[in-house]
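Data from work.cif: mmCIF, C-alpha atoms
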data_final
loop_
_atom_site.label_atom_id
_atom_site.label_comp_id
_atom_site.auth_asym_id
_atom_site.auth_seq_id
_atom_site.Cartn_x
_atom_site.Cartn_y
_atom_site.Cartn_z
CA MET A 1 145.88 -142.09 -92.38
CA THR A 2 143.10 -140.23 -90.54
CA ASP A 3 141.14 -137.08 -91.09
CA GLN A 4 141.60 -135.88 -87.46
CA PRO A 5 144.24 -133.24 -86.87
CA PRO A 6 147.11 -134.23 -84.65
CA PRO A 7 146.79 -133.31 -80.96
CA PRO A 8 148.31 -130.01 -79.98
CA THR A 9 151.79 -130.29 -78.68
CA PRO A 10 152.28 -128.46 -75.35
CA SER A 11 154.86 -125.81 -75.24
CA SER A 12 158.13 -126.87 -73.80
CA GLY A 13 158.00 -124.16 -71.11
CA SER A 14 154.50 -124.78 -69.84
CA GLY A 15 155.57 -127.30 -67.20
CA GLU A 16 152.04 -128.81 -67.14
CA PRO A 17 151.81 -132.62 -67.56
CA GLU A 18 149.42 -134.20 -69.94
CA PRO A 19 146.06 -134.81 -68.30
CA SER A 20 145.70 -138.17 -70.04
CA ASP A 21 149.01 -139.45 -68.80
CA PRO A 22 148.22 -141.89 -66.02
CA SER A 23 151.69 -141.56 -64.61
CA SER A 24 151.33 -137.83 -64.27
CA PRO A 25 150.38 -136.37 -60.88
CA ALA A 26 147.60 -134.48 -62.58
CA GLY A 27 145.78 -137.71 -63.11
CA GLY A 28 145.92 -138.62 -59.44
CA PRO A 29 143.87 -137.46 -56.51
CA GLY A 30 145.90 -134.29 -56.04
CA HIS A 31 144.80 -132.79 -59.35
CA ALA A 32 145.11 -129.03 -59.11
CA GLY A 33 142.89 -128.20 -62.05
CA GLN A 34 139.63 -126.32 -62.04
CA PRO A 35 137.13 -127.59 -59.50
CA PRO A 36 133.81 -129.13 -60.41
CA GLY A 37 131.21 -126.55 -61.24
CA TRP A 38 133.71 -124.17 -62.78
CA GLY A 39 132.34 -122.42 -65.82
CA PRO A 40 133.44 -120.01 -68.47
CA GLY A 41 132.04 -117.03 -66.60
CA MET A 42 134.17 -117.67 -63.52
CA PRO A 43 137.79 -116.58 -63.05
CA PRO A 44 140.31 -119.33 -63.43
CA ALA A 45 141.81 -120.89 -60.36
CA GLY A 46 145.46 -120.90 -59.58
CA PRO A 47 148.14 -118.36 -58.88
CA THR A 48 147.65 -116.60 -62.24
CA SER A 49 144.07 -115.59 -61.42
CA GLY A 50 145.02 -112.80 -59.01
CA HIS A 51 142.38 -113.98 -56.51
CA ALA A 52 143.61 -113.18 -52.95
CA GLY A 53 141.23 -115.49 -51.02
CA PRO A 54 139.46 -118.79 -51.53
CA PRO A 55 137.28 -118.91 -54.61
CA PRO A 56 133.50 -118.78 -54.39
CA GLY A 57 131.97 -122.03 -53.27
CA TRP A 58 134.89 -123.12 -51.11
CA ASP A 59 133.88 -124.11 -47.57
CA PRO A 60 136.96 -123.97 -45.28
CA ALA A 61 135.13 -125.82 -42.49
CA GLN A 62 134.27 -128.78 -44.69
CA GLY A 63 137.36 -128.62 -46.93
CA ALA A 64 135.22 -129.12 -50.04
CA TRP A 65 133.93 -127.19 -53.01
CA GLY A 66 130.42 -126.16 -53.67
CA ALA A 67 129.13 -126.06 -50.05
CA ALA A 68 125.42 -125.42 -50.00
CA PRO A 69 124.15 -122.16 -48.50
CA PRO A 70 122.48 -122.31 -45.06
CA PRO A 71 118.88 -123.48 -45.17
CA GLN A 72 116.06 -121.04 -44.69
CA GLY A 73 115.47 -120.18 -41.01
CA TRP A 74 119.02 -121.14 -40.01
CA ALA A 75 120.42 -119.13 -37.09
CA PHE A 76 123.44 -119.26 -34.83
CA PRO A 77 123.50 -120.65 -32.27
CA PRO A 78 120.67 -123.15 -32.69
CA THR A 79 117.98 -123.70 -30.09
CA GLY A 80 119.50 -124.68 -26.78
CA GLY A 81 122.57 -122.45 -27.18
CA TYR A 82 123.57 -119.71 -24.80
CA PRO A 83 121.00 -118.90 -22.11
CA PRO A 84 118.81 -115.82 -22.66
CA GLY A 85 120.03 -112.64 -21.02
CA SER A 86 123.75 -113.44 -21.25
CA GLY A 87 126.03 -111.48 -23.50
CA PRO A 88 127.77 -108.14 -23.66
CA TYR A 89 124.73 -106.62 -25.38
CA GLY A 90 121.44 -106.57 -23.56
CA GLY A 91 119.36 -107.29 -26.64
CA GLN A 92 121.43 -110.28 -27.82
CA PRO A 93 120.67 -113.30 -25.65
CA TRP A 94 123.18 -115.60 -27.33
CA TYR A 95 126.50 -113.82 -26.82
CA PRO A 96 128.45 -114.89 -23.74
CA GLY A 97 128.89 -112.13 -21.18
CA PRO A 98 127.46 -110.60 -17.99
CA PRO A 99 123.67 -110.36 -17.63
CA VAL A 100 121.66 -107.26 -18.32
CA GLY A 101 121.91 -104.68 -15.51
CA TRP A 102 125.32 -105.92 -14.40
CA TYR A 103 127.71 -103.45 -12.79
CA PRO A 104 131.42 -103.88 -12.07
CA PRO A 105 132.29 -105.26 -8.61
CA GLY A 106 132.37 -102.56 -5.96
CA TYR A 107 130.13 -100.22 -7.94
CA GLY A 108 126.65 -101.49 -8.49
CA PHE A 109 124.23 -104.24 -7.64
CA ASP A 110 125.56 -107.51 -6.36
CA PRO A 111 123.02 -110.36 -6.34
CA ASN A 112 124.96 -111.89 -3.44
CA ASP A 113 125.11 -108.71 -1.33
CA ALA A 114 124.42 -109.60 2.29
CA LEU A 115 122.33 -106.53 3.09
CA VAL A 116 121.11 -104.85 -0.11
CA THR A 117 118.26 -106.62 -1.90
CA PRO A 118 118.79 -105.88 -5.62
CA PRO A 119 115.80 -104.80 -7.71
CA GLY A 120 113.89 -107.79 -8.95
CA ALA A 121 114.91 -110.15 -6.12
CA GLY A 122 111.41 -109.91 -4.66
CA LEU A 123 110.12 -110.84 -1.24
CA GLY A 124 112.28 -113.96 -1.12
CA GLY A 125 115.45 -111.90 -1.41
CA TRP A 126 114.22 -109.59 1.34
CA PHE A 127 113.50 -112.51 3.69
CA ASN A 128 116.89 -114.08 2.94
CA ARG A 129 118.73 -110.91 3.92
CA CYS A 130 116.68 -110.48 7.09
CA GLY A 131 117.46 -114.04 8.10
CA GLY A 132 121.13 -113.62 7.22
CA ALA A 133 121.41 -110.49 9.38
CA LEU A 134 119.92 -112.37 12.33
CA ARG A 135 122.19 -115.39 11.86
CA ARG A 136 125.32 -113.29 11.64
CA GLY A 137 124.62 -110.86 14.46
CA TRP A 138 122.39 -112.49 17.07
CA ARG A 139 125.30 -112.78 19.51
CA GLN A 140 125.68 -109.00 19.54
CA LEU A 141 122.08 -108.02 18.81
CA VAL A 142 120.47 -110.01 21.61
CA PRO A 143 122.48 -108.35 24.45
CA ILE A 144 122.02 -104.94 22.80
CA MET A 145 118.25 -105.39 22.65
CA LEU A 146 118.12 -106.77 26.20
CA LEU A 147 120.03 -103.79 27.59
CA THR A 148 118.40 -101.03 25.57
CA GLN A 149 114.88 -102.29 24.84
CA VAL A 150 113.78 -105.08 27.18
CA LEU A 151 115.29 -103.89 30.46
CA PRO A 152 114.12 -100.23 30.26
CA ALA A 153 110.60 -101.30 29.29
CA ALA A 154 110.47 -103.77 32.20
CA VAL A 155 111.69 -101.18 34.69
CA LEU A 156 109.10 -98.67 33.52
CA SER A 157 106.35 -101.29 33.81
CA VAL A 158 107.35 -102.16 37.37
CA ILE A 159 107.41 -98.49 38.41
CA SER A 160 104.07 -97.81 36.76
CA LEU A 161 102.49 -100.79 38.46
CA GLY A 162 103.85 -99.70 41.83
CA LEU A 163 102.53 -96.14 41.44
CA ASP A 164 99.18 -97.13 39.97
CA PRO A 165 96.56 -95.68 42.38
CA SER A 166 93.63 -97.62 40.94
CA ALA A 167 93.69 -100.22 43.74
CA LYS A 168 93.49 -97.48 46.37
CA TRP A 169 90.66 -95.79 44.52
CA ALA A 170 88.74 -99.06 44.30
CA ALA A 171 89.10 -99.59 48.06
CA GLN A 172 87.87 -96.05 48.79
CA ALA A 173 84.91 -96.50 46.48
CA GLU A 174 83.85 -99.66 48.34
CA SER A 175 84.09 -97.95 51.73
CA ASN A 176 82.40 -94.75 50.58
CA PRO A 177 79.64 -95.36 48.01
CA SER A 178 79.09 -91.63 47.44
CA PRO A 179 80.01 -90.50 43.90
CA ALA A 180 82.91 -88.34 45.02
CA LEU A 181 86.43 -88.29 43.68
CA PRO A 182 89.00 -90.17 45.75
CA ASP A 183 91.24 -88.23 48.07
CA ASN A 184 94.24 -86.57 46.40
CA PHE A 185 92.91 -87.67 43.02
CA ALA A 186 94.48 -84.82 41.00
CA ALA A 187 97.87 -85.10 42.70
CA GLU A 188 98.08 -88.84 42.21
CA VAL A 189 97.08 -88.61 38.55
CA LEU A 190 99.64 -85.87 37.97
CA ASN A 191 102.37 -87.90 39.64
CA LEU A 192 101.53 -90.93 37.54
CA LEU A 193 101.57 -88.85 34.33
CA VAL A 194 104.92 -87.31 35.19
CA VAL A 195 106.40 -90.74 35.85
CA LEU A 196 104.96 -92.21 32.67
CA VAL A 197 105.92 -89.31 30.39
CA GLY A 198 109.33 -88.74 31.94
CA GLY A 199 110.06 -92.46 32.04
CA SER A 200 108.98 -92.87 28.42
CA LEU A 201 111.33 -90.08 27.36
CA LEU A 202 114.25 -91.69 29.16
CA VAL A 203 113.36 -95.11 27.78
CA GLY A 204 113.21 -93.61 24.30
CA LEU A 205 116.72 -92.21 24.67
CA VAL A 206 118.08 -95.58 25.79
CA GLN A 207 116.23 -97.28 22.96
CA ALA A 208 117.80 -94.87 20.47
CA VAL A 209 121.21 -96.11 21.64
CA GLY A 210 120.09 -99.66 20.87
CA TRP A 211 118.68 -98.87 17.42
CA ALA A 212 121.87 -97.10 16.38
CA ALA A 213 124.13 -99.79 17.84
CA GLY A 214 122.14 -102.60 16.23
CA THR A 215 122.17 -100.86 12.86
CA TRP A 216 125.94 -100.52 13.07
CA VAL A 217 126.39 -104.21 13.94
CA ILE A 218 124.23 -105.44 11.06
CA THR A 219 125.91 -103.18 8.51
CA GLN A 220 129.46 -103.93 9.64
CA GLN A 221 128.92 -107.68 9.62
CA ALA A 222 127.25 -107.59 6.21
CA ALA A 223 130.31 -105.75 4.89
CA GLY A 224 132.60 -108.40 6.35
CA GLN A 225 133.99 -106.13 9.09
CA PRO A 226 134.35 -107.00 12.79
CA ALA A 227 131.59 -105.68 15.05
CA SER A 228 132.19 -105.98 18.78
CA LEU A 229 129.56 -105.20 21.39
CA GLU A 230 131.67 -102.43 22.94
CA SER A 231 132.25 -100.65 19.61
CA ALA A 232 128.55 -100.94 18.76
CA LEU A 233 127.48 -99.31 22.03
CA ARG A 234 130.01 -96.50 21.56
CA PHE A 235 128.56 -95.81 18.12
CA GLY A 236 125.04 -95.92 19.56
CA LEU A 237 125.92 -93.36 22.20
CA ARG A 238 127.33 -90.98 19.57
CA ARG A 239 124.19 -91.12 17.44
CA ALA A 240 121.53 -91.60 20.12
CA LEU A 241 120.73 -87.95 20.86
CA GLY A 242 119.98 -86.99 17.25
CA LEU A 243 118.03 -90.17 16.58
CA TRP A 244 116.07 -89.66 19.79
CA GLY A 245 115.11 -86.11 18.80
CA TRP A 246 113.81 -87.18 15.40
CA THR A 247 111.99 -90.11 16.99
CA LEU A 248 110.19 -87.76 19.37
CA LEU A 249 109.06 -85.56 16.49
CA ILE A 250 107.89 -88.55 14.47
CA SER A 251 106.03 -89.98 17.47
CA LEU A 252 104.30 -86.63 17.98
CA LEU A 253 103.20 -86.52 14.33
CA ILE A 254 101.87 -90.07 14.46
CA GLY A 255 100.07 -89.37 17.72
CA LEU A 256 98.37 -86.29 16.24
CA GLY A 257 97.41 -88.34 13.20
CA LEU A 258 95.82 -91.00 15.38
CA CYS A 259 93.65 -88.31 16.95
CA PHE A 260 92.14 -87.62 13.51
CA CYS A 261 90.12 -90.77 12.85
CA VAL A 262 93.12 -93.11 13.29
CA LEU A 263 93.77 -93.50 9.54
CA PRO A 264 96.04 -90.43 9.25
CA GLY A 265 98.14 -91.82 12.08
CA ILE A 266 98.48 -95.19 10.34
CA TYR A 267 99.45 -93.44 7.12
CA LEU A 268 102.11 -91.38 8.91
CA ALA A 269 103.46 -94.46 10.66
CA PHE A 270 104.09 -96.12 7.28
CA ALA A 271 105.28 -93.00 5.51
CA LEU A 272 107.79 -92.16 8.26
CA SER A 273 109.03 -95.71 8.82
CA MET A 274 112.32 -95.01 6.99
CA ALA A 275 113.14 -91.81 8.89
CA GLY A 276 115.35 -93.53 11.46
CA PRO A 277 117.62 -95.32 8.96
CA VAL A 278 117.71 -92.19 6.79
CA TYR A 279 119.05 -90.16 9.70
CA LEU A 280 121.68 -92.76 10.62
CA PHE A 281 123.00 -93.21 7.08
CA GLU A 282 122.36 -89.88 5.37
CA ARG A 283 121.97 -87.49 8.34
CA ARG A 284 119.80 -85.05 6.44
CA ASN A 285 116.06 -84.45 6.02
CA PRO A 286 114.88 -87.82 7.37
CA ILE A 287 111.19 -86.93 7.28
CA GLY A 288 111.20 -85.64 3.70
CA ARG A 289 113.35 -88.52 2.44
CA SER A 290 111.11 -91.08 4.13
CA PHE A 291 108.01 -89.56 2.56
CA ARG A 292 109.63 -89.62 -0.88
CA MET A 293 110.69 -93.26 -0.56
CA PHE A 294 107.18 -94.20 0.52
CA HIS A 295 105.47 -92.48 -2.38
CA ASP A 296 108.01 -93.41 -5.07
CA ARG A 297 107.64 -97.14 -4.37
CA LEU A 298 104.35 -97.30 -2.51
CA GLY A 299 103.51 -100.97 -3.02
CA LEU A 300 107.01 -102.23 -2.31
CA LEU A 301 107.57 -100.29 0.91
CA LEU A 302 103.99 -100.75 2.09
CA GLY A 303 104.29 -104.52 1.82
CA ARG A 304 107.63 -104.72 3.61
CA VAL A 305 106.64 -102.39 6.45
CA ALA A 306 103.30 -104.17 6.84
CA LEU A 307 105.13 -107.45 7.45
CA VAL A 308 107.36 -105.74 10.04
CA ALA A 309 104.35 -104.12 11.72
CA LEU A 310 102.53 -107.45 11.86
CA ALA A 311 105.52 -109.10 13.52
CA VAL A 312 105.82 -106.25 16.04
CA ILE A 313 102.10 -106.25 16.87
CA VAL A 314 101.95 -110.00 17.40
CA GLY A 315 105.26 -110.00 19.26
CA THR A 316 104.11 -107.32 21.70
CA LEU A 317 100.42 -108.09 22.15
CA ILE A 318 101.00 -111.65 23.30
CA PRO A 319 103.56 -110.75 26.00
CA GLY A 320 101.39 -107.79 27.02
CA GLY A 321 98.37 -110.00 27.47
CA LEU A 322 100.38 -112.51 29.47
CA GLU A 323 101.67 -109.72 31.69
CA GLY A 324 98.17 -108.48 32.39
CA VAL A 325 96.91 -111.95 33.27
CA GLY A 326 99.93 -112.66 35.47
CA THR A 327 99.81 -109.42 37.46
CA SER A 328 96.04 -109.49 37.90
CA ALA A 329 96.33 -112.94 39.47
CA LEU A 330 98.45 -111.36 42.21
CA GLY A 331 95.63 -109.09 43.36
CA THR A 332 94.67 -105.47 42.86
CA ASP A 333 97.77 -104.27 44.70
CA PRO A 334 100.65 -106.70 44.01
CA PHE A 335 103.08 -104.54 45.97
CA ALA A 336 101.07 -104.82 49.18
CA SER A 337 103.31 -107.70 50.28
CA ALA A 338 106.82 -108.82 49.50
CA GLY A 339 105.77 -112.15 48.02
CA THR A 340 103.33 -110.71 45.50
CA ALA A 341 105.77 -107.91 44.69
CA VAL A 342 108.47 -110.41 43.75
CA GLY A 343 105.94 -112.35 41.72
CA ALA A 344 104.93 -109.20 39.85
CA VAL A 345 108.56 -108.34 39.05
CA VAL A 346 109.19 -111.87 37.79
CA VAL A 347 106.09 -111.84 35.59
CA ILE A 348 106.97 -108.46 34.10
CA GLY A 349 110.56 -109.55 33.48
CA ILE A 350 109.58 -112.76 31.72
CA THR A 351 106.98 -111.12 29.50
CA ALA A 352 109.43 -108.34 28.62
CA VAL A 353 111.94 -110.94 27.45
CA LEU A 354 109.23 -112.60 25.37
CA ALA A 355 108.94 -109.33 23.44
CA LEU A 356 112.59 -109.57 22.33
CA PRO A 357 111.76 -111.10 18.90
CA ALA A 358 109.52 -108.12 18.15
CA HIS A 359 112.41 -105.71 18.77
CA LEU A 360 114.73 -107.74 16.56
CA ALA A 361 112.13 -107.94 13.78
CA GLN A 362 111.60 -104.18 13.84
CA LEU A 363 115.32 -103.37 13.75
CA ILE A 364 116.30 -105.87 11.04
CA GLY A 365 113.19 -105.53 8.91
CA LEU A 366 113.30 -101.74 8.65
CA LEU A 367 117.05 -101.68 7.99
CA VAL A 368 116.87 -104.25 5.17
CA THR A 369 113.89 -102.39 3.71
CA TYR A 370 115.82 -99.13 3.72
CA ALA A 371 118.77 -100.76 1.93
CA GLU A 372 116.39 -102.11 -0.71
CA GLN A 373 114.85 -98.68 -1.23
CA ARG A 374 118.31 -97.19 -1.75
CA ALA A 375 119.04 -99.85 -4.38
CA HIS A 376 115.99 -98.73 -6.36
CA GLU A 377 117.28 -95.16 -6.41
CA ALA A 378 120.88 -95.83 -7.54
CA PRO A 379 123.47 -98.62 -7.50
CA VAL A 380 124.54 -99.20 -3.91
CA ASN A 381 126.15 -102.00 -1.89
CA THR A 382 126.87 -102.80 1.73
CA ALA A 383 130.41 -101.41 1.59
CA GLY A 384 129.07 -98.02 0.52
CA LEU A 385 126.42 -98.05 3.24
CA ALA A 386 129.02 -98.91 5.86
CA VAL A 387 131.08 -95.90 4.79
CA GLU A 388 128.00 -93.65 5.03
CA LEU A 389 127.18 -94.98 8.49
CA GLY A 390 130.66 -94.14 9.75
#
Can I see the file as structure tokens?
Amino acid sequence: MTDQPPPPTPSSGSGEPEPSDPSSPAGGPGHAGQPPGWGPGMPPAGPTSGHAGPPPGWDPAQGAWGAAPPPQGWAFPPTGGYPPGSGPYGGQPWYPGPPVGWYPPGYGFDPNDALVTPPGAGLGGWFNRCGGALRRGWRQLVPIMLLTQVLPAAVLSVISLGLDPSAKWAAQAESNPSPALPDNFAAEVLNLLVVLVGGSLLVGLVQAVGWAAGTWVITQQAAGQPASLESALRFGLRRALGLWGWTLLISLLIGLGLCFCVLPGIYLAFALSMAGPVYLFERRNPIGRSFRMFHDRLGLLLGRVALVALAVIVGTLIPGGLEGVGTSALGTDPFASAGTAVGAVVVIGITAVLALPAHLAQLIGLLVTYAEQRAHEAPVNTAGLAVELG
């Protein structure tokens, strides 16, 4: 006999085994009862609870109950996760995706564009694109520059040296010490001026053919298109007259500026440096557009054009000095005999060829600078510039 009441007998329809029965599955590891930590205030587990998802405290990743909450300061991903700047949202550095400022291919900036330096690439990106243009196109650019820049300049130098009356004037001054003007002084000066001015105009027209042809070659090759020498010269001939006219106007403005204490002329030379490319690509208002580019991004354009100007000055002053030394060694009148005349022509020809790098630096440097300025105004790529150029 005992005072304890008998244990409750489970209903015959419950289907639940006795928890104390060691042979029952409920006593084994697969016990489906309430998990540890379950209390009276929590809903019961099982299909009768009406709970559609896992109960509170269940961690699907660990497959256990009662997973602890994340510690304070926890974030995803941890340090060393995705690199900053990647992700579909600019402000979230840890989502995978394209970087901030990315545009679809064929529309916007391409960091690998062969001609257009994207904003933020800096001076290194500008130098890389200048060097790439020279490596791709030197086979076409060198003959274009030789035909349209070096040869006309050499011919004009030879003619000017042959018509220079200074040697005759020096001989007359030695024979006649009186302070009188040499014979036919006005006529000879006028003839020399006509030759120099007229020759410079013709040389400028031929040079315009070369600038347009070289611009076409660089742009076509950067866009992955074929660029033959014949096609380049045909394009240059089509655009030469308009480019020559604008170049004359720009040269006149710079010359007038140099007459006013030099500094205005230097300012105009920098401010109008983009006028040539603007005409070739946009064909409208080259002077106004060049001024706006210069003032909108003063430091950027000033630095690029200063590098180009430095290369041109060094590349022309050295050959010019060598030409003066070489021709002066042949006497005051090199064309007085056939031998000295040939020597003068050879000296002028060699020094003119030595100025070839200056012409290439001016063409490539200004074109790459223009493409970079366009990129700061709106998304642009080489394919779009090639279409504009025609």
Using the chain letters and numbers from the file, give me the residues hit by the PyMOL selection byres ((chain A and resi 346) around 12), as a count of residues only. 23
Shell around range 272-286 of chain A at 9 Å using all atoms listed in the file, local window under 3 positions removed, as a PyMOL selection string: chain A and resi 211-212+215+239+242-243+246-247+250+254+267-269+289-291+293-294+305+366-367+369-371+385-390
What gap, in Å, lies between CA of Ile144 in chain A and CA of Pro226 in chain A? 16.0 Å
Take the PyMOL selection byres ((chain A and resi 119) around 8), apply it to the structure above, and return the hits as JSON, numbers by chain. {"A": [117, 118, 120, 121, 122, 372, 375, 376]}
Can you pull out the residues contacting Ala311 in chain A? Cut-off 12 Å, using all atoms listed in the file, and skip same-chain residues under 2 positions away; I want them as a list of chain:residue names.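 Selected residues are A:Arg304, A:Val305, A:Ala306, A:Leu307, A:Val308, A:Ala309, A:Ile313, A:Val314, A:Gly315, A:Thr316, A:Leu317, A:Ile318, A:Ala355, A:Leu356, A:Pro357, A:Ala358, A:His359, A:Leu360, A:Ala361, A:Gln362, A:Leu363, A:Ile364, A:Gly365, A:Leu366.
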Two-atom distance - CA of Ala383 in chain A, CA of Ala223 in chain A (Å):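 Distance reported for this atom pair: 5.5 Å.
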Run the PyMOL selection byres ((chain A and resi 149) around 8) against the file shown and list the residues it catches, as a list in words.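 That selection, the PyMOL selection byres ((chain A and resi 149) around 8), comes back as Ile144, Met145, Leu146, Leu147, Thr148, Val150, Leu151, Pro152, Ala153, Val203, Val206, Gln207, Gly210 and His359 of chain A.
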Here is a test: counting all atoms listed in the file, which residue of A:Cys261, A:Val380, A:Leu156, A:Ala167 is nearest to Pro182 in chain A?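 Result for the nearest residue to Pro182 in chain A: A:Ala167.
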Skipping near chain neighbours, those fewer than 3 positions away, what residues fall within 7 Å of Asp113 in chain A using all atoms listed in the file, listed as a ChimeraX atom specification? /A:110,116,381-382
What separates CA of Pro143 in chain A and CA of Leu201 in chain A is a distance of 21.6 Å
